[in-house]
Amino acid sequence: MYDEWVRDNQQRVDKQSSKRIAYIHMKNMGGRELNNFIIEMSTEAFKREGLILDLRYNTGGSVHDAVLNFLSRRPYTLWKYRGGKFAPQPNFSPAAKPIVVLINEQSLSDAEMTTAGFKALKLGKVIGTETYRWLIFTSGKSLVDGSFYRLPSWGCYTLDKKNIERTGVKPDIYIKNTFKDRLEGKDPQLDAAVDEIMKQLK
């Protein structure tokens with residue numbers, strides 16, 4: 001059902017934007033999802049004129065830096081083969097296009113870190129509701145009996161030292177999807193993301 005929801009979102013974005021906007025959903029911030037993100041970005045999304053990165057229902061992990069580094073790439077020169085067409089360098093430069101990140105009250109942990117970084121780097125708009133406020137990194141130790149324990153250790157803060165676990169991340173455009181929306185197959189957050197990018201493309 002989760003994968004069906006993602007496919008439906010992709011089809012909705014394709015239809016509403018006439019395939020001008022790429023849609024990528026990350027279920028978590030783990031290694032496998034990072035690989036999927038990079039594959040999507042380098043095989044499909046680079047052909048599109050804008051990007052929606054959906055971090056709703058994302059359960060966290062620790063790949064925020066890799067995601068933000070990829071999204072931050074901007075073109076710095078052009079090059080072309082003799083007699084060929086101009087192409088930007090680097091080949092993949094998402095920051096040159098409109099980007100929207102979607103969040104909701106179930107975006108937690110590293111999804112919050114990623115969104116906070118996205119806002120700090122001014123890469124685009126954030127749409128949805130405030131994040132879950134569940135952002136702490138842990139460290140662990142093995143005990144002599146073979147058991148293992150973890151302790152909350154690393155807090156995450158904005159550049160002005162606000163504790164993200166206490167504040168969460170607020171969207172630039174607040175839109176809440178209701179239970180009625182879900183029953184009727186509507187997604188106002190996703191619709192607003194498409195509208196925001198199409199407005200910038202016009």
# chains A, B, ... in the order shown; residues from 1 in each chain; ligands from 1
>>> closest_atom_pairs(of="region 2-25 of chain A", to="region 57-65 of chain A", cutoff="12 Å", atoms="only C-alpha atoms", output="tab-separated table")
residue	atom	partner	partner_atom	distance
A:Tyr2	CA	A:Tyr57	CA	10.1
A:Trp5	CA	A:Tyr57	CA	11.6
A:Val6	CA	A:Tyr57	CA	11.3
A:His25	CA	A:Asn58	CA	8.8
>>> select_by_dssp(residues="region 83-185 of chain A", states="helix (DSSP H, G or I)", output="PyMOL selection string")
chain A and resi 94-96+110-120+164-167+179-183
>>> residues_around(residues="Ser153 (chain A)", least_positions_apart="5", cutoff="9 Å", atoms="only C-alpha atoms", output="JSON, numbers by chain")
{"A": [136, 137, 138, 139]}
>>> residues_around(residues="Gly128 (chain A)", least_positions_apart="4", cutoff="10 Å", atoms="only C-alpha atoms", output="ChimeraX atom specification")
/A:56,101-105,170-177,188-190,192-193
>>> write_last_selection(atoms="C-alpha atoms", output="mmCIF file, in the first residue's frame")
data_model
loop_
_atom_site.group_PDB
_atom_site.id
_atom_site.type_symbol
_atom_site.label_atom_id
_atom_site.label_comp_id
_atom_site.auth_asym_id
_atom_site.auth_seq_id
_atom_site.Cartn_x
_atom_site.Cartn_y
_atom_site.Cartn_z
ATOM 1 C CA ARG A 56 6.557 12.771 4.503
ATOM 2 C CA VAL A 101 10.549 19.531 -0.082
ATOM 3 C CA LEU A 102 7.364 18.049 1.373
ATOM 4 C CA ILE A 103 7.147 17.366 5.121
ATOM 5 C CA ASN A 104 4.421 16.461 7.602
ATOM 6 C CA GLU A 105 3.905 15.637 11.256
ATOM 7 C CA LYS A 170 8.357 24.682 10.117
ATOM 8 C CA PRO A 171 7.289 24.756 6.463
ATOM 9 C CA ASP A 172 7.466 27.899 4.360
ATOM 10 C CA ILE A 173 3.931 27.146 3.154
ATOM 11 C CA TYR A 174 1.684 25.498 5.755
ATOM 12 C CA ILE A 175 -0.806 23.009 4.334
ATOM 13 C CA LYS A 176 -2.377 20.155 6.285
ATOM 14 C CA ASN A 177 -3.784 17.054 4.647
ATOM 15 C CA PRO A 188 -3.394 19.258 -1.092
ATOM 16 C CA GLN A 189 0.269 19.254 -0.034
ATOM 17 C CA LEU A 190 1.414 17.558 -3.223
ATOM 18 C CA ALA A 192 0.631 22.852 -3.714
ATOM 19 C CA ALA A 193 4.153 21.589 -4.440
#
>>> residues_around(residues="region 194-202 of chain A", least_positions_apart="2", cutoff="12 Å", atoms="only C-alpha atoms", output="VMD selection string")
chain A and resid 9 to 10 12 to 23 48 to 54 96 to 102 124 to 127 172 to 173 187 to 192
>>> select_by_dssp(residues="chain A", states="strand (DSSP E or B)", output="PyMOL selection string")
chain A and resi 21-25+29+50-54+61+77-79+87-89+99-103+125-128+136-142+148-155+157+163+173-174
>>> write_last_selection(atoms="C-alpha atoms", output="short mmCIF file (atom, residue, chain, number, x, y, z; two decimals), in the first residue's frame")
data_model
loop_
_atom_site.label_atom_id
_atom_site.label_comp_id
_atom_site.auth_asym_id
_atom_site.auth_seq_id
_atom_site.Cartn_x
_atom_site.Cartn_y
_atom_site.Cartn_z
CA ILE A 21 8.53 17.90 -12.61
CA ALA A 22 10.38 14.96 -11.06
CA TYR A 23 8.96 13.33 -7.92
CA ILE A 24 11.12 11.38 -5.47
CA HIS A 25 9.91 9.95 -2.15
CA MET A 29 17.38 8.27 5.40
CA GLY A 50 11.87 20.88 -11.33
CA LEU A 51 11.93 18.48 -8.38
CA ILE A 52 9.64 17.50 -5.52
CA LEU A 53 11.48 15.64 -2.73
CA ASP A 54 8.85 14.02 -0.52
CA GLY A 61 18.57 7.53 9.41
CA THR A 77 30.80 26.13 -16.52
CA LEU A 78 29.58 24.84 -19.87
CA TRP A 79 31.34 22.41 -22.14
CA ALA A 87 26.09 20.91 -21.61
CA PRO A 88 26.50 22.14 -18.02
CA GLN A 89 29.26 21.07 -15.72
CA ILE A 99 12.97 22.34 -5.74
CA VAL A 100 10.23 21.76 -3.16
CA VAL A 101 10.55 19.53 -0.08
CA LEU A 102 7.36 18.05 1.37
CA ILE A 103 7.15 17.37 5.12
CA LYS A 125 10.48 25.98 -0.56
CA VAL A 126 9.28 23.60 2.16
CA ILE A 127 5.57 22.72 2.09
CA GLY A 128 3.42 20.79 4.57
CA ILE A 136 18.59 12.96 18.39
CA PHE A 137 21.55 10.79 17.43
CA THR A 138 22.65 8.00 19.74
CA SER A 139 25.88 6.25 20.65
CA GLY A 140 26.14 2.69 21.97
CA LYS A 141 28.35 0.24 23.80
CA SER A 142 28.56 -3.54 24.15
CA PHE A 148 24.16 -3.68 23.93
CA TYR A 149 22.82 -0.32 25.04
CA ARG A 150 22.31 3.02 23.31
CA LEU A 151 22.26 6.51 24.77
CA PRO A 152 20.95 9.78 23.29
CA SER A 153 24.19 11.65 22.63
CA TRP A 154 24.18 14.09 19.74
CA GLY A 155 21.73 16.97 19.58
CA TYR A 157 20.70 22.53 16.18
CA ASN A 163 17.34 22.69 19.28
CA ILE A 173 3.93 27.15 3.15
CA TYR A 174 1.68 25.50 5.75
#
>>> closest_residue(among="A:Asp181, A:Asp145, A:Glu44, A:Asp110", to="Ala66 (chain A)", atoms="only C-alpha atoms")
A:Asp110
>>> closest_atom_pairs(of="region 88-122 of chain A", to="region 39-42 of chain A", cutoff="10 Å", atoms="only C-alpha atoms", output="Markdown table")
| residue | atom | partner | partner_atom | distance |
| --- | --- | --- | --- | --- |
| A:Asn91 | CA | A:Ser42 | CA | 8.8 |
| A:Phe92 | CA | A:Ser42 | CA | 6.8 |
| A:Ser93 | CA | A:Met41 | CA | 9.7 |
| A:Pro94 | CA | A:Met41 | CA | 8.4 |
